[in-house]
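This report concerns only the one structure given below.
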Amino acid sequence: MVKKLEDILKNVNILKIIGKDISRRNVEGISIWSNVIINNMIFVAKKGKITDGHKFITKAIKNGAISIVCEKIPSYLHKNVVYILVKDSLNALGIISSNFYDNPTKNIKLVGITGTNGKTSIATILHQLFSKMGEKNILISTMGIKILSNIYPTEHTTPNIIEINKYLNLSIRKGCKYAFMEVSSHGIHQKRISGLLFQGGIFTNITHDHLDYHKSFNHYLNTKKLFFDNLSNTNNNSFVLINSDDKNSCKIVKNILSKIYFYGFRKTANFRCKILKKNIFGSLILIDGNKIFTNLIGTFNVYNLLASYATAILLGKKKNDILKNIKNIKPIKGRFEQFVSDSGIRVIVDYAHNPNGLKTVLNTIQEIKDNNVKLICVIGCGGNRDVKKRSLMGKIVYDMCDVPIFTSDNPRDEEIEKILVDMKNFKSYSNVRKKSILTISNRKEAIKMAIEIAKKKDIILLFGKGHETYQEIKGVRFPFNDMEIVRELLKTKSPKVCEK
């Protein structure tokens, strides 16, 4: 893709331009990384939390950058380079990348989903639902970017704004009319959604998470709210869909100018649902007066399904068409994903990696399991992340599971033993110790121990990694997939996919 420099600078708040011939300069790409810059690209220098991109301007020019977008003009100026001085490089990056990729969000209906839990499930359900209804769409989520049947990997829940625009542009060229995207608090705070025009925004819930980054719950909450506050600035016809049953929903909706709709179990919600029956195979629900059975398990998944139903209505889809297809939504990979071995052991893999997500899944299992079924839980906590939630998660598993097994998750640069100590730092274990905690730092060995302990009808829960296919230790990502490990260890028992 080639664009004129003056065209991709449209609507950018420019303080000063140093250089000539911007009308005749062709741009072939944009990057915030100097090492990937090649000839005829723009380098956008941004101040990061760890490094300052302004330090790499010289390297970017050496690699072929023809234009530099920056907040500070360097002392030495190259005569063949155009310097664009802006107040905020990240805001400029959003506009520049949108312009470069033909402003894709003007030609596709983009819906963003944010909240502590449920983002991936709702985005994926919507992707499945619209595909079943014959509508081509793109999914941008923790599990990657999916355009029709093609999957493109990403490193973050919300990719950088250049990637987002690139893939949105590609999806439009493939005929997509809808886009469903997870919007993380990091993505909002780091302006990774700057310049995008959203048709709608969904709020799922908000509980303790990411306080290592946000430092306080109020900052975390206000960051989420910022997404909804700005929706009307990007699209006058935008809608906001709020989980009315979340206790913080009233704070989220305060002073929002977009049209607001609520979903939940309360009678006052615009879109309502009632659970008639639930078991280990799924849920029978009453959604807007219509009975359907879904293979998605638990109350939390009913919320996700209801939010997806409501979004489809708000996007103009017919109610009967939605109901006909939404009941056939398949369970999400790594989200309450399960199978049963021939020996009768049920294994559930779930991405729950914060206290509320953990408690929600365990409450769901407690509600639907038989009394004589033993819960064996394998759990770790991520390194270089929120330390405060480790003991909270450790206590939840200790209190609610019959056999708690503490192990590694993605320790990253931290020592595994230190993380395990943090997980056990709660009073009911330190002082009372009604039962022991098995501590096995090697995750595969921990899973192996859980299988050895389990008997027919027992449930093994593998928490934290979900869909992930790696384990990150000291900067290296080693291949690791909870579900594949379990299948490998149970292969002599011929495990089979759990069916109704």
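Going through the structure tokens in order, the chains are called A, B, and so on, while each chain numbers its residues from 1 and the ligands are numbered from 1 in the order shown.
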Which residues, written as a PDB file with C-alpha atoms, in the first residue's frame, have at least one atom at most 12 Å from A:Asn230, with only C-alpha atoms counted and residues fewer than 4 positions away on the same chain left out?
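part.pdb, freshly written:
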ATOM      1  CA  ILE A 188      -7.560   2.221  26.313  1.00  0.00           C
ATOM      2  CA  LYS A 191      -4.404   4.839  23.255  1.00  0.00           C
ATOM      3  CA  ILE A 193      -7.817   2.441  19.930  1.00  0.00           C
ATOM      4  CA  SER A 194      -7.151   6.083  19.057  1.00  0.00           C
ATOM      5  CA  GLY A 195      -8.806   7.202  15.827  1.00  0.00           C
ATOM      6  CA  LEU A 196     -11.230   4.266  15.578  1.00  0.00           C
ATOM      7  CA  LEU A 197     -14.943   4.914  15.016  1.00  0.00           C
ATOM      8  CA  PHE A 198     -17.080   2.552  17.111  1.00  0.00           C
ATOM      9  CA  GLN A 199     -20.688   1.707  16.296  1.00  0.00           C
ATOM     10  CA  GLY A 200     -21.162   0.369  19.810  1.00  0.00           C
ATOM     11  CA  GLY A 201     -19.525  -0.522  23.106  1.00  0.00           C
ATOM     12  CA  THR A 223      -9.998   3.881  32.319  1.00  0.00           C
ATOM     13  CA  LYS A 224     -12.820   1.547  31.310  1.00  0.00           C
ATOM     14  CA  LYS A 225     -15.291   4.425  31.523  1.00  0.00           C
ATOM     15  CA  LEU A 226     -13.114   6.533  29.229  1.00  0.00           C
ATOM     16  CA  THR A 234     -16.284   9.073  17.234  1.00  0.00           C
ATOM     17  CA  ASN A 235     -19.840   8.240  16.158  1.00  0.00           C
ATOM     18  CA  ASN A 236     -22.989  10.286  16.818  1.00  0.00           C
ATOM     19  CA  SER A 238     -23.205   4.919  18.650  1.00  0.00           C
ATOM     20  CA  PHE A 239     -24.846   2.734  21.299  1.00  0.00           C
ATOM     21  CA  VAL A 240     -23.676   1.555  24.705  1.00  0.00           C
ATOM     22  CA  VAL A 253     -22.982   5.164  32.430  1.00  0.00           C
ATOM     23  CA  ASN A 255     -22.662  11.407  31.733  1.00  0.00           C
ATOM     24  CA  ILE A 256     -22.405   9.125  28.677  1.00  0.00           C
ATOM     25  CA  LEU A 257     -23.861  10.828  25.597  1.00  0.00           C
ATOM     26  CA  SER A 258     -24.374   7.703  23.454  1.00  0.00           C
TER      27      SER A 258
END
A:Pro153: which residues within 9 Å, counting only C-alpha atoms, same-chain residues fewer than 3 positions away excluded, as a PDB file with C-alpha atoms, in the first residue's frame?
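Result file is part06.pdb:
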ATOM      1  CA  MET A 143      -6.893 -15.478  20.854  1.00  0.00           C
ATOM      2  CA  GLY A 144      -5.846 -13.605  17.723  1.00  0.00           C
ATOM      3  CA  ILE A 145      -7.410 -11.859  14.759  1.00  0.00           C
ATOM      4  CA  LYS A 146      -9.842 -13.939  12.724  1.00  0.00           C
TER       5      LYS A 146
END
Interatomic distance between atom CA of A:Asn107 and atom CA of A:Ile162? 16.9 Å
What are the DSSP strand (DSSP E or B) residues of stretch 203-340 of chain A, as a VMD selection string? chain A and resid 203 239 to 243 259 to 264 271 to 279 282 to 287 290 to 294 337 to 340
Keeping only N, CA and C atoms, take the residues you just selected and write them out as a short mmCIF file (atom, residue, chain, number, x, y, z; two decimals), in the first residue's frame.
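Final output, saved to result.cif:
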data_model
loop_
_atom_site.label_atom_id
_atom_site.label_comp_id
_atom_site.auth_asym_id
_atom_site.auth_seq_id
_atom_site.Cartn_x
_atom_site.Cartn_y
_atom_site.Cartn_z
N PHE A 203 -20.23 -3.15 27.98
CA PHE A 203 -19.60 -3.27 29.30
C PHE A 203 -20.10 -4.54 29.96
N PHE A 239 -24.07 3.24 20.16
CA PHE A 239 -24.85 2.73 21.30
C PHE A 239 -23.91 2.16 22.35
N VAL A 240 -24.39 2.16 23.59
CA VAL A 240 -23.68 1.55 24.70
C VAL A 240 -24.59 0.49 25.32
N LEU A 241 -24.06 -0.71 25.50
CA LEU A 241 -24.81 -1.82 26.09
C LEU A 241 -24.15 -2.19 27.42
N ILE A 242 -24.91 -2.06 28.50
CA ILE A 242 -24.37 -2.17 29.86
C ILE A 242 -25.00 -3.34 30.62
N ASN A 243 -24.17 -4.10 31.31
CA ASN A 243 -24.66 -5.14 32.22
C ASN A 243 -25.24 -4.45 33.45
N LYS A 259 -26.47 6.54 23.08
CA LYS A 259 -27.72 5.88 23.47
C LYS A 259 -27.39 4.66 24.33
N ILE A 260 -28.01 4.58 25.52
CA ILE A 260 -27.68 3.53 26.49
C ILE A 260 -28.77 2.47 26.55
N TYR A 261 -28.35 1.20 26.52
CA TYR A 261 -29.26 0.06 26.69
C TYR A 261 -28.67 -0.84 27.78
N PHE A 262 -29.56 -1.55 28.47
CA PHE A 262 -29.12 -2.44 29.55
C PHE A 262 -29.51 -3.89 29.26
N TYR A 263 -28.62 -4.80 29.67
CA TYR A 263 -28.97 -6.23 29.61
C TYR A 263 -28.74 -6.84 30.99
N GLY A 264 -29.50 -7.88 31.31
CA GLY A 264 -29.35 -8.52 32.61
C GLY A 264 -30.57 -9.34 32.99
N PHE A 271 -32.93 -5.75 27.71
CA PHE A 271 -32.81 -7.12 27.22
C PHE A 271 -32.66 -8.04 28.42
N ARG A 272 -33.64 -8.92 28.61
CA ARG A 272 -33.70 -9.74 29.82
C ARG A 272 -33.57 -11.23 29.51
N CYS A 273 -33.15 -11.95 30.54
CA CYS A 273 -32.98 -13.40 30.42
C CYS A 273 -33.26 -14.06 31.75
N LYS A 274 -33.70 -15.30 31.69
CA LYS A 274 -33.95 -16.09 32.91
C LYS A 274 -33.43 -17.50 32.69
N ILE A 275 -32.73 -18.03 33.68
CA ILE A 275 -32.24 -19.40 33.58
C ILE A 275 -33.30 -20.33 34.13
N LEU A 276 -33.77 -21.26 33.29
CA LEU A 276 -34.79 -22.23 33.70
C LEU A 276 -34.17 -23.50 34.25
N LYS A 277 -33.03 -23.87 33.68
CA LYS A 277 -32.38 -25.11 34.12
C LYS A 277 -30.93 -25.08 33.67
N LYS A 278 -30.03 -25.57 34.53
CA LYS A 278 -28.63 -25.67 34.12
C LYS A 278 -28.00 -26.93 34.68
N ASN A 279 -27.13 -27.52 33.87
CA ASN A 279 -26.40 -28.71 34.30
C ASN A 279 -25.04 -28.73 33.60
N GLY A 282 -25.12 -27.84 29.78
CA GLY A 282 -25.52 -26.55 29.24
C GLY A 282 -26.61 -25.89 30.05
N SER A 283 -27.35 -24.98 29.41
CA SER A 283 -28.37 -24.19 30.12
C SER A 283 -29.63 -24.05 29.28
N LEU A 284 -30.78 -24.22 29.93
CA LEU A 284 -32.07 -23.92 29.31
C LEU A 284 -32.46 -22.53 29.78
N ILE A 285 -32.63 -21.61 28.84
CA ILE A 285 -32.88 -20.23 29.23
C ILE A 285 -34.11 -19.66 28.53
N LEU A 286 -34.66 -18.62 29.16
CA LEU A 286 -35.76 -17.85 28.57
C LEU A 286 -35.19 -16.48 28.23
N ILE A 287 -35.06 -16.22 26.92
CA ILE A 287 -34.46 -14.98 26.48
C ILE A 287 -35.48 -14.16 25.69
N ASN A 290 -38.45 -16.27 24.84
CA ASN A 290 -38.23 -17.46 24.00
C ASN A 290 -37.33 -18.46 24.70
N LYS A 291 -37.76 -19.72 24.75
CA LYS A 291 -36.96 -20.77 25.36
C LYS A 291 -35.93 -21.30 24.35
N ILE A 292 -34.67 -21.36 24.79
CA ILE A 292 -33.65 -22.01 23.98
C ILE A 292 -32.70 -22.79 24.90
N PHE A 293 -32.09 -23.83 24.36
CA PHE A 293 -31.06 -24.57 25.10
C PHE A 293 -29.72 -24.25 24.47
N THR A 294 -28.75 -23.91 25.31
CA THR A 294 -27.40 -23.62 24.82
C THR A 294 -26.40 -24.57 25.48
N GLU A 337 -13.70 -25.04 28.81
CA GLU A 337 -13.54 -26.10 27.80
C GLU A 337 -13.35 -27.43 28.53
N GLN A 338 -14.07 -28.44 28.12
CA GLN A 338 -14.03 -29.69 28.89
C GLN A 338 -14.09 -30.94 28.03
N PHE A 339 -13.66 -32.02 28.62
CA PHE A 339 -13.89 -33.34 28.04
C PHE A 339 -13.88 -34.36 29.18
N VAL A 340 -14.38 -35.55 28.89
CA VAL A 340 -14.45 -36.63 29.87
C VAL A 340 -13.69 -37.83 29.34
#
Please identify the helix (DSSP H, G or I) residues within stretch 306-411 of chain A (assignment by DSSP from backbone atoms) and present them as a PyMOL selection string. chain A and resi 306-314+319-326+355-368+388-400
Next, write the just-selected residues to a file, as a compact mmCIF listing (two decimals), in the first residue's frame, keeping N, CA and C atoms as the atom set.
# COMPACT_ATOMS: atom_id res chain seq x y z
N LEU A 306 -26.55 -13.37 26.35
CA LEU A 306 -27.56 -12.31 26.34
C LEU A 306 -26.97 -11.02 25.75
N ALA A 307 -25.75 -10.69 26.13
CA ALA A 307 -25.09 -9.49 25.60
C ALA A 307 -24.93 -9.60 24.09
N SER A 308 -24.62 -10.80 23.62
CA SER A 308 -24.44 -11.01 22.18
C SER A 308 -25.78 -10.90 21.45
N TYR A 309 -26.82 -11.46 22.05
CA TYR A 309 -28.17 -11.36 21.48
C TYR A 309 -28.58 -9.89 21.36
N ALA A 310 -28.39 -9.13 22.44
CA ALA A 310 -28.77 -7.72 22.47
C ALA A 310 -27.99 -6.92 21.43
N THR A 311 -26.70 -7.21 21.30
CA THR A 311 -25.87 -6.51 20.32
C THR A 311 -26.36 -6.76 18.89
N ALA A 312 -26.71 -7.99 18.62
CA ALA A 312 -27.21 -8.34 17.28
C ALA A 312 -28.51 -7.57 16.98
N ILE A 313 -29.38 -7.46 17.98
CA ILE A 313 -30.62 -6.67 17.81
C ILE A 313 -30.28 -5.21 17.52
N LEU A 314 -29.35 -4.65 18.29
CA LEU A 314 -28.98 -3.24 18.13
C LEU A 314 -28.28 -2.98 16.80
N LYS A 319 -34.88 -10.76 15.18
CA LYS A 319 -34.93 -11.56 16.41
C LYS A 319 -34.99 -13.06 16.14
N ASN A 320 -35.86 -13.48 15.24
CA ASN A 320 -36.02 -14.92 14.95
C ASN A 320 -34.75 -15.51 14.37
N ASP A 321 -34.06 -14.75 13.53
CA ASP A 321 -32.82 -15.23 12.91
C ASP A 321 -31.73 -15.39 13.97
N ILE A 322 -31.71 -14.44 14.92
CA ILE A 322 -30.72 -14.51 16.00
C ILE A 322 -30.96 -15.74 16.87
N LEU A 323 -32.22 -15.93 17.30
CA LEU A 323 -32.55 -17.04 18.20
C LEU A 323 -32.29 -18.38 17.54
N LYS A 324 -32.55 -18.48 16.25
CA LYS A 324 -32.36 -19.74 15.53
C LYS A 324 -30.88 -20.14 15.51
N ASN A 325 -30.01 -19.15 15.45
CA ASN A 325 -28.58 -19.42 15.32
C ASN A 325 -27.81 -19.37 16.64
N ILE A 326 -28.29 -18.58 17.59
CA ILE A 326 -27.52 -18.39 18.82
C ILE A 326 -27.51 -19.65 19.69
N PRO A 355 -9.51 -13.01 40.69
CA PRO A 355 -10.37 -13.57 41.75
C PRO A 355 -11.83 -13.76 41.35
N ASN A 356 -12.43 -12.77 40.72
CA ASN A 356 -13.85 -12.89 40.37
C ASN A 356 -14.09 -13.97 39.32
N GLY A 357 -13.22 -14.04 38.30
CA GLY A 357 -13.36 -15.06 37.28
C GLY A 357 -13.25 -16.45 37.87
N LEU A 358 -12.32 -16.60 38.80
CA LEU A 358 -12.10 -17.87 39.47
C LEU A 358 -13.32 -18.29 40.29
N LYS A 359 -13.81 -17.36 41.09
CA LYS A 359 -14.97 -17.65 41.94
C LYS A 359 -16.21 -17.96 41.10
N THR A 360 -16.38 -17.24 39.99
CA THR A 360 -17.54 -17.46 39.12
C THR A 360 -17.55 -18.88 38.57
N VAL A 361 -16.40 -19.34 38.09
CA VAL A 361 -16.32 -20.69 37.54
C VAL A 361 -16.56 -21.74 38.63
N LEU A 362 -15.96 -21.55 39.79
CA LEU A 362 -16.12 -22.52 40.88
C LEU A 362 -17.55 -22.54 41.40
N ASN A 363 -18.18 -21.39 41.49
CA ASN A 363 -19.60 -21.36 41.91
C ASN A 363 -20.47 -22.10 40.90
N THR A 364 -20.16 -21.93 39.63
CA THR A 364 -20.92 -22.62 38.58
C THR A 364 -20.81 -24.12 38.74
N ILE A 365 -19.61 -24.61 38.99
CA ILE A 365 -19.40 -26.06 39.14
C ILE A 365 -20.08 -26.58 40.41
N GLN A 366 -19.98 -25.80 41.48
CA GLN A 366 -20.62 -26.22 42.74
C GLN A 366 -22.14 -26.37 42.56
N GLU A 367 -22.72 -25.52 41.72
CA GLU A 367 -24.17 -25.55 41.51
C GLU A 367 -24.63 -26.78 40.72
N ILE A 368 -23.79 -27.29 39.85
CA ILE A 368 -24.24 -28.34 38.93
C ILE A 368 -23.63 -29.71 39.19
N LYS A 388 -1.16 -8.52 44.56
CA LYS A 388 -2.21 -8.55 45.57
C LYS A 388 -3.25 -9.64 45.30
N LYS A 389 -3.50 -9.95 44.04
CA LYS A 389 -4.56 -10.93 43.75
C LYS A 389 -4.11 -12.37 43.97
N ARG A 390 -2.82 -12.60 44.17
CA ARG A 390 -2.32 -13.97 44.32
C ARG A 390 -2.90 -14.66 45.55
N SER A 391 -2.84 -14.00 46.70
CA SER A 391 -3.38 -14.61 47.93
C SER A 391 -4.90 -14.72 47.85
N LEU A 392 -5.55 -13.75 47.19
CA LEU A 392 -7.01 -13.81 47.02
C LEU A 392 -7.41 -15.04 46.22
N MET A 393 -6.68 -15.29 45.14
CA MET A 393 -6.96 -16.46 44.30
C MET A 393 -6.61 -17.76 45.02
N GLY A 394 -5.50 -17.72 45.75
CA GLY A 394 -5.10 -18.90 46.52
C GLY A 394 -6.16 -19.28 47.54
N LYS A 395 -6.70 -18.28 48.23
CA LYS A 395 -7.73 -18.53 49.25
C LYS A 395 -9.02 -19.08 48.62
N ILE A 396 -9.42 -18.54 47.47
CA ILE A 396 -10.64 -19.01 46.82
C ILE A 396 -10.53 -20.49 46.47
N VAL A 397 -9.41 -20.87 45.89
CA VAL A 397 -9.21 -22.28 45.52
C VAL A 397 -9.12 -23.16 46.77
N TYR A 398 -8.42 -22.68 47.78
CA TYR A 398 -8.28 -23.44 49.03
C TYR A 398 -9.64 -23.67 49.69
N ASP A 399 -10.48 -22.65 49.72
CA ASP A 399 -11.78 -22.74 50.38
C ASP A 399 -12.81 -23.54 49.58
N MET A 400 -12.72 -23.50 48.23
CA MET A 400 -13.79 -24.05 47.42
C MET A 400 -13.46 -25.39 46.75
Give me, as CSV, each residue of stretch 80-118 of chain A that comes within 9 Å of stretch 45-61 of chain A, together with its shortest interatomic pair and the distance in Å at one decimal, counting only C-alpha atoms, with rows ordered by chain and rising residue number.
residue,atom,partner,partner_atom,distance
A:Val81,CA,A:Ile61,CA,7.8
A:Asp88,CA,A:Lys46,CA,8.2
A:Ser89,CA,A:Lys46,CA,5.6
A:Leu90,CA,A:Lys46,CA,6.6
